[in-house]
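Quick notes on the structure that follows.
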Amino acid sequence: FKVPIESQLTDWVKTDSTPAPFEMQDEAEFKSDSDEGGIVRFKQQDLTEAEVLAHIEVGKQVHKLALHFGQSIAFLLQSDAGIKRLKFSEEFRAGNDEVGTEDPMARLDADFALMSSELIALMNSLVEALGGLEESI
């Protein structure tokens, strides 16, 4: 990425603003860049509270941040561009209910197509939100 991911995530938490269609959730991990620095993890915590933001003020950066992509996917984004705990919402998964369950292979195909297209949209939106990729040499 053109800009380090942890810089982007830290800025999102600090300003309480994520680019559309992302929404910040209530979980993050902060790390200090110094050798003596520590790691702070927040779960089920409002990340805009002064207690949380104080860690940014002393030099810690966000290395993991829980996000929502629209109304369809919840996930944890890491500073190495890894995505963990990817979960599709119930409402999104209900999008193929009209396919029915008579033919399990047809339902599997429909679910795979629906989820694949949403994952492609997620990846494209993440690259854009994080400032794009560096040009390769």
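Labeling convention for the structure tokens: chains A, B, ... as they appear, residues from 1 per chain, ligands from 1 in order of appearance.
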Could you give me, as CSV, a per-residue list for segment 43-65 of chain A showing, wherever an atom lies at most 10 Å from an atom of segment 13-23 of chain A, the closest pair of atoms and their distance in Å to one decimal, using only C-alpha atoms and sorting by chain then residue number from low to high?
residue,atom,partner,partner_atom,distance
A:Leu47,CA,A:Val13,CA,6.7
A:Thr48,CA,A:Asp16,CA,6.3
A:Glu49,CA,A:Lys14,CA,9.9
A:Val52,CA,A:Val13,CA,9.2
A:Leu53,CA,A:Lys14,CA,6.5
A:Ala54,CA,A:Lys14,CA,9.7
A:Ile56,CA,A:Lys14,CA,7.4
A:Glu57,CA,A:Lys14,CA,9.1
A:Gln61,CA,A:Val13,CA,9.7
A:Val62,CA,A:Val13,CA,8.0
A:Leu65,CA,A:Val13,CA,8.8
Go ahead and write the selection's residues with all heavy atoms as a PDB file, in the first residue's frame.
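Final file, selection_1.pdb:
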ATOM      1  N   LEU A  47     -14.430   3.237  20.799  1.00  0.00           N
ATOM      2  CA  LEU A  47     -13.060   3.627  20.447  1.00  0.00           C
ATOM      3  C   LEU A  47     -12.875   5.125  20.339  1.00  0.00           C
ATOM      4  O   LEU A  47     -11.758   5.595  20.115  1.00  0.00           O
ATOM      5  CB  LEU A  47     -12.643   2.942  19.139  1.00  0.00           C
ATOM      6  CG  LEU A  47     -12.659   1.410  19.166  1.00  0.00           C
ATOM      7  CD1 LEU A  47     -12.271   0.854  17.809  1.00  0.00           C
ATOM      8  CD2 LEU A  47     -11.739   0.870  20.256  1.00  0.00           C
ATOM      9  N   THR A  48     -13.936   5.900  20.525  1.00  0.00           N
ATOM     10  CA  THR A  48     -13.815   7.359  20.467  1.00  0.00           C
ATOM     11  C   THR A  48     -13.662   7.989  21.851  1.00  0.00           C
ATOM     12  O   THR A  48     -13.531   9.206  21.960  1.00  0.00           O
ATOM     13  CB  THR A  48     -15.047   7.975  19.768  1.00  0.00           C
ATOM     14  OG1 THR A  48     -16.223   7.682  20.535  1.00  0.00           O
ATOM     15  CG2 THR A  48     -15.208   7.423  18.361  1.00  0.00           C
ATOM     16  N   GLU A  49     -13.646   7.170  22.905  1.00  0.00           N
ATOM     17  CA  GLU A  49     -13.505   7.690  24.266  1.00  0.00           C
ATOM     18  C   GLU A  49     -12.095   8.220  24.503  1.00  0.00           C
ATOM     19  O   GLU A  49     -11.119   7.741  23.915  1.00  0.00           O
ATOM     20  CB  GLU A  49     -13.818   6.604  25.287  1.00  0.00           C
ATOM     21  CG  GLU A  49     -15.263   6.188  25.296  1.00  0.00           C
ATOM     22  CD  GLU A  49     -15.545   5.071  26.291  1.00  0.00           C
ATOM     23  OE1 GLU A  49     -14.580   4.482  26.836  1.00  0.00           O
ATOM     24  OE2 GLU A  49     -16.729   4.777  26.501  1.00  0.00           O
ATOM     25  N   VAL A  52      -9.269   5.726  25.267  1.00  0.00           N
ATOM     26  CA  VAL A  52      -8.729   5.020  24.108  1.00  0.00           C
ATOM     27  C   VAL A  52      -7.815   5.942  23.314  1.00  0.00           C
ATOM     28  O   VAL A  52      -6.688   5.581  22.946  1.00  0.00           O
ATOM     29  CB  VAL A  52      -9.875   4.487  23.220  1.00  0.00           C
ATOM     30  CG1 VAL A  52      -9.329   3.863  21.946  1.00  0.00           C
ATOM     31  CG2 VAL A  52     -10.735   3.488  23.994  1.00  0.00           C
ATOM     32  N   LEU A  53      -8.277   7.147  23.049  1.00  0.00           N
ATOM     33  CA  LEU A  53      -7.515   8.096  22.235  1.00  0.00           C
ATOM     34  C   LEU A  53      -6.209   8.527  22.903  1.00  0.00           C
ATOM     35  O   LEU A  53      -5.265   8.917  22.217  1.00  0.00           O
ATOM     36  CB  LEU A  53      -8.380   9.314  21.905  1.00  0.00           C
ATOM     37  CG  LEU A  53      -9.636   9.011  21.065  1.00  0.00           C
ATOM     38  CD1 LEU A  53     -10.488  10.249  20.893  1.00  0.00           C
ATOM     39  CD2 LEU A  53      -9.268   8.398  19.730  1.00  0.00           C
ATOM     40  N   ALA A  54      -6.145   8.418  24.222  1.00  0.00           N
ATOM     41  CA  ALA A  54      -4.906   8.769  24.930  1.00  0.00           C
ATOM     42  C   ALA A  54      -3.756   7.879  24.489  1.00  0.00           C
ATOM     43  O   ALA A  54      -2.594   8.311  24.468  1.00  0.00           O
ATOM     44  CB  ALA A  54      -5.125   8.655  26.436  1.00  0.00           C
ATOM     45  N   ILE A  56      -3.230   6.803  21.483  1.00  0.00           N
ATOM     46  CA  ILE A  56      -2.728   7.364  20.220  1.00  0.00           C
ATOM     47  C   ILE A  56      -1.854   8.574  20.505  1.00  0.00           C
ATOM     48  O   ILE A  56      -0.805   8.748  19.884  1.00  0.00           O
ATOM     49  CB  ILE A  56      -3.899   7.727  19.281  1.00  0.00           C
ATOM     50  CG1 ILE A  56      -4.624   6.458  18.830  1.00  0.00           C
ATOM     51  CG2 ILE A  56      -3.400   8.516  18.065  1.00  0.00           C
ATOM     52  CD1 ILE A  56      -5.877   6.694  18.012  1.00  0.00           C
ATOM     53  N   GLU A  57      -2.267   9.372  21.465  1.00  0.00           N
ATOM     54  CA  GLU A  57      -1.510  10.592  21.811  1.00  0.00           C
ATOM     55  C   GLU A  57      -0.108  10.270  22.316  1.00  0.00           C
ATOM     56  O   GLU A  57       0.811  11.056  22.128  1.00  0.00           O
ATOM     57  CB  GLU A  57      -2.270  11.421  22.852  1.00  0.00           C
ATOM     58  CG  GLU A  57      -3.607  11.950  22.359  1.00  0.00           C
ATOM     59  CD  GLU A  57      -3.484  12.809  21.113  1.00  0.00           C
ATOM     60  OE1 GLU A  57      -2.543  13.619  21.014  1.00  0.00           O
ATOM     61  OE2 GLU A  57      -4.343  12.651  20.219  1.00  0.00           O
ATOM     62  N   GLN A  61      -0.011   2.984  17.692  1.00  0.00           N
ATOM     63  CA  GLN A  61      -0.750   2.960  16.439  1.00  0.00           C
ATOM     64  C   GLN A  61      -1.693   1.770  16.415  1.00  0.00           C
ATOM     65  O   GLN A  61      -1.430   0.737  17.045  1.00  0.00           O
ATOM     66  CB  GLN A  61       0.202   2.876  15.245  1.00  0.00           C
ATOM     67  CG  GLN A  61       0.990   4.149  15.026  1.00  0.00           C
ATOM     68  CD  GLN A  61       1.618   4.174  13.646  1.00  0.00           C
ATOM     69  OE1 GLN A  61       2.157   3.189  13.183  1.00  0.00           O
ATOM     70  NE2 GLN A  61       1.527   5.320  13.001  1.00  0.00           N
ATOM     71  N   VAL A  62      -2.774   1.919  15.670  1.00  0.00           N
ATOM     72  CA  VAL A  62      -3.767   0.849  15.556  1.00  0.00           C
ATOM     73  C   VAL A  62      -3.243  -0.198  14.573  1.00  0.00           C
ATOM     74  O   VAL A  62      -2.942   0.120  13.425  1.00  0.00           O
ATOM     75  CB  VAL A  62      -5.119   1.407  15.075  1.00  0.00           C
ATOM     76  CG1 VAL A  62      -6.136   0.292  14.949  1.00  0.00           C
ATOM     77  CG2 VAL A  62      -5.617   2.494  16.021  1.00  0.00           C
ATOM     78  N   LEU A  65      -8.219  -3.525  13.624  1.00  0.00           N
ATOM     79  CA  LEU A  65      -9.447  -2.752  13.808  1.00  0.00           C
ATOM     80  C   LEU A  65     -10.627  -3.546  13.256  1.00  0.00           C
ATOM     81  O   LEU A  65     -10.584  -4.029  12.125  1.00  0.00           O
ATOM     82  CB  LEU A  65      -9.344  -1.407  13.085  1.00  0.00           C
ATOM     83  CG  LEU A  65     -10.529  -0.454  13.206  1.00  0.00           C
ATOM     84  CD1 LEU A  65     -10.758  -0.040  14.664  1.00  0.00           C
ATOM     85  CD2 LEU A  65     -10.320   0.777  12.335  1.00  0.00           C
TER      86      LEU A  65
END
Exercise for the section: Could you give me the residues within segment 69-115 of chain A that DSSP places in strand (DSSP E), as a ChimeraX atom specification? Expected result: /A:69,73-78,83-88
Find the nearest atom pair between each residue of segment 38-112 of chain A and segment 1-5 of chain A for residues within 10 Å, count only C-alpha atoms, give distances in Å to one decimal, sort rows by chain and ascending number, and present the table as a tab-separated table.
residue	atom	partner	partner_atom	distance
A:Gln61	CA	A:Ile5	CA	9.9
A:Val62	CA	A:Ile5	CA	8.8
A:His63	CA	A:Ile5	CA	7.9
A:Lys64	CA	A:Ile5	CA	9.6
A:Leu77	CA	A:Ile5	CA	9.3
A:Gln78	CA	A:Ile5	CA	8.0
A:Ser79	CA	A:Ile5	CA	5.1
A:Asp80	CA	A:Ile5	CA	7.3
A:Ala81	CA	A:Ile5	CA	7.3
Please produce a file of those selected residues containing all heavy atoms, as a PDB file, in the first residue's frame.
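The resulting file, part.pdb, is shown below:
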ATOM      1  N   GLN A  61      -0.011   2.984  17.692  1.00  0.00           N
ATOM      2  CA  GLN A  61      -0.750   2.960  16.439  1.00  0.00           C
ATOM      3  C   GLN A  61      -1.693   1.770  16.415  1.00  0.00           C
ATOM      4  O   GLN A  61      -1.430   0.737  17.045  1.00  0.00           O
ATOM      5  CB  GLN A  61       0.202   2.876  15.245  1.00  0.00           C
ATOM      6  CG  GLN A  61       0.990   4.149  15.026  1.00  0.00           C
ATOM      7  CD  GLN A  61       1.618   4.174  13.646  1.00  0.00           C
ATOM      8  OE1 GLN A  61       2.157   3.189  13.183  1.00  0.00           O
ATOM      9  NE2 GLN A  61       1.527   5.320  13.001  1.00  0.00           N
ATOM     10  N   VAL A  62      -2.774   1.919  15.670  1.00  0.00           N
ATOM     11  CA  VAL A  62      -3.767   0.849  15.556  1.00  0.00           C
ATOM     12  C   VAL A  62      -3.243  -0.198  14.573  1.00  0.00           C
ATOM     13  O   VAL A  62      -2.942   0.120  13.425  1.00  0.00           O
ATOM     14  CB  VAL A  62      -5.119   1.407  15.075  1.00  0.00           C
ATOM     15  CG1 VAL A  62      -6.136   0.292  14.949  1.00  0.00           C
ATOM     16  CG2 VAL A  62      -5.617   2.494  16.021  1.00  0.00           C
ATOM     17  N   HIS A  63      -3.120  -1.428  15.042  1.00  0.00           N
ATOM     18  CA  HIS A  63      -2.638  -2.517  14.195  1.00  0.00           C
ATOM     19  C   HIS A  63      -3.744  -3.509  13.838  1.00  0.00           C
ATOM     20  O   HIS A  63      -3.582  -4.309  12.924  1.00  0.00           O
ATOM     21  CB  HIS A  63      -1.471  -3.247  14.865  1.00  0.00           C
ATOM     22  CG  HIS A  63      -0.186  -2.493  14.720  1.00  0.00           C
ATOM     23  ND1 HIS A  63       0.772  -2.847  13.823  1.00  0.00           N
ATOM     24  CD2 HIS A  63       0.270  -1.379  15.349  1.00  0.00           C
ATOM     25  CE1 HIS A  63       1.789  -2.003  13.896  1.00  0.00           C
ATOM     26  NE2 HIS A  63       1.497  -1.103  14.824  1.00  0.00           N
ATOM     27  N   LYS A  64      -4.855  -3.458  14.555  1.00  0.00           N
ATOM     28  CA  LYS A  64      -6.023  -4.280  14.244  1.00  0.00           C
ATOM     29  C   LYS A  64      -7.262  -3.448  14.540  1.00  0.00           C
ATOM     30  O   LYS A  64      -7.322  -2.767  15.568  1.00  0.00           O
ATOM     31  CB  LYS A  64      -6.064  -5.558  15.083  1.00  0.00           C
ATOM     32  CG  LYS A  64      -4.932  -6.514  14.808  1.00  0.00           C
ATOM     33  CD  LYS A  64      -5.033  -7.755  15.678  1.00  0.00           C
ATOM     34  CE  LYS A  64      -3.845  -8.672  15.436  1.00  0.00           C
ATOM     35  NZ  LYS A  64      -3.903  -9.862  16.302  1.00  0.00           N
ATOM     36  N   LEU A  77      -9.530  -6.143  10.432  1.00  0.00           N
ATOM     37  CA  LEU A  77      -8.461  -5.784   9.502  1.00  0.00           C
ATOM     38  C   LEU A  77      -7.173  -5.593  10.286  1.00  0.00           C
ATOM     39  O   LEU A  77      -7.140  -4.890  11.286  1.00  0.00           O
ATOM     40  CB  LEU A  77      -8.800  -4.494   8.753  1.00  0.00           C
ATOM     41  CG  LEU A  77      -7.754  -3.977   7.774  1.00  0.00           C
ATOM     42  CD1 LEU A  77      -7.513  -4.984   6.645  1.00  0.00           C
ATOM     43  CD2 LEU A  77      -8.178  -2.638   7.210  1.00  0.00           C
ATOM     44  N   GLN A  78      -6.095  -6.237   9.811  1.00  0.00           N
ATOM     45  CA  GLN A  78      -4.787  -6.150  10.458  1.00  0.00           C
ATOM     46  C   GLN A  78      -3.852  -5.254   9.641  1.00  0.00           C
ATOM     47  O   GLN A  78      -4.048  -5.062   8.451  1.00  0.00           O
ATOM     48  CB  GLN A  78      -4.179  -7.549  10.577  1.00  0.00           C
ATOM     49  CG  GLN A  78      -5.055  -8.497  11.366  1.00  0.00           C
ATOM     50  CD  GLN A  78      -4.435  -9.862  11.485  1.00  0.00           C
ATOM     51  OE1 GLN A  78      -4.335 -10.374  12.577  1.00  0.00           O
ATOM     52  NE2 GLN A  78      -4.016 -10.463  10.388  1.00  0.00           N
ATOM     53  N   SER A  79      -2.811  -4.775  10.290  1.00  0.00           N
ATOM     54  CA  SER A  79      -1.872  -3.865   9.634  1.00  0.00           C
ATOM     55  C   SER A  79      -1.052  -4.532   8.543  1.00  0.00           C
ATOM     56  O   SER A  79      -0.440  -3.852   7.730  1.00  0.00           O
ATOM     57  CB  SER A  79      -0.945  -3.217  10.664  1.00  0.00           C
ATOM     58  OG  SER A  79      -0.204  -4.210  11.347  1.00  0.00           O
ATOM     59  N   ASP A  80      -1.040  -5.860   8.492  1.00  0.00           N
ATOM     60  CA  ASP A  80      -0.348  -6.563   7.409  1.00  0.00           C
ATOM     61  C   ASP A  80      -1.301  -6.890   6.262  1.00  0.00           C
ATOM     62  O   ASP A  80      -0.999  -7.708   5.407  1.00  0.00           O
ATOM     63  CB  ASP A  80       0.327  -7.835   7.920  1.00  0.00           C
ATOM     64  CG  ASP A  80      -0.667  -8.872   8.448  1.00  0.00           C
ATOM     65  OD1 ASP A  80      -1.895  -8.603   8.461  1.00  0.00           O
ATOM     66  OD2 ASP A  80      -0.218  -9.959   8.847  1.00  0.00           O
ATOM     67  N   ALA A  81      -2.457  -6.248   6.243  1.00  0.00           N
ATOM     68  CA  ALA A  81      -3.520  -6.418   5.243  1.00  0.00           C
ATOM     69  C   ALA A  81      -4.272  -7.737   5.408  1.00  0.00           C
ATOM     70  O   ALA A  81      -5.082  -8.093   4.570  1.00  0.00           O
ATOM     71  CB  ALA A  81      -3.008  -6.273   3.815  1.00  0.00           C
TER      72      ALA A  81
END
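Residues in contact with Ser32 of chain A at 6 Å, where only C-alpha atoms are counted and same-chain residues fewer than 4 positions away are skipped, are listed as Gly37, Gly38 and Lys60 of chain A.
The residue that comes closest to Ala66 of chain A, out of A:Met123, A:Gln45, A:Glu36, A:Glu135 and on the basis of only C-alpha atoms, is A:Gln45.
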Completion exercise
Restricting to only C-alpha atoms, whichever of A:Leu119, A:Gln8, A:Arg107, A:Glu102 is closest to Ile83 of chain A is A:Leu119
Completion exercise
In terms of only C-alpha atoms, the residue from A:Glu51, A:Met24, A:Gly70, A:Leu122 at minimal distance from Asp11 of chain A is A:Met24
Handout entry: Those in segment 11-123 of chain A with alpha helix (DSSP H) from DSSP, as a ChimeraX atom specification
Key = /A:11-15,50-57,90-93,104-123
Practice task
Record the distance separating atom CA of Asp35 of chain A and atom CA of Leu9 of chain A, expressed in Å with one decimal.
Solution key: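 Answer for the atom CA of Asp35 of chain A to atom CA of Leu9 of chain A separation: 20.9 Å.
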Handout entry: A:Ser89, A:Asn96, A:Gln25, A:Ser34 ranked by distance to Leu67 of chain A, top pick (using only C-alpha atoms)
Key =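 Nearest candidate to Leu67 of chain A out of A:Ser89, A:Asn96, A:Gln25, A:Ser34: A:Gln25.
Between Ser116 of chain A and the candidates A:Pro104, A:Ile73, A:Ala129, A:Ser7, the tightest atom-to-atom separation, counting only C-alpha atoms, involves A:Ile73.
Reported to one decimal place, the separation of atom CA of Trp12 of chain A from atom CA of Glu128 of chain A is 14.2 Å.
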Handout entry: Minimum-distance residue to Ser117 of chain A, chosen among A:Ala50, A:Arg85, A:Ser72, A:Asp103 (using only C-alpha atoms)
Key =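 Looking only at the distances to Ser117 of chain A, the closest residue turns out to be A:Ser72.
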Handout entry: Contacts of Val40 of chain A at 8 Å (only C-alpha atoms; same-chain gap of 4+ positions) as a list of chain:residue names
Key =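 Here the answer would be A:Glu29, A:Phe30, A:Lys31.
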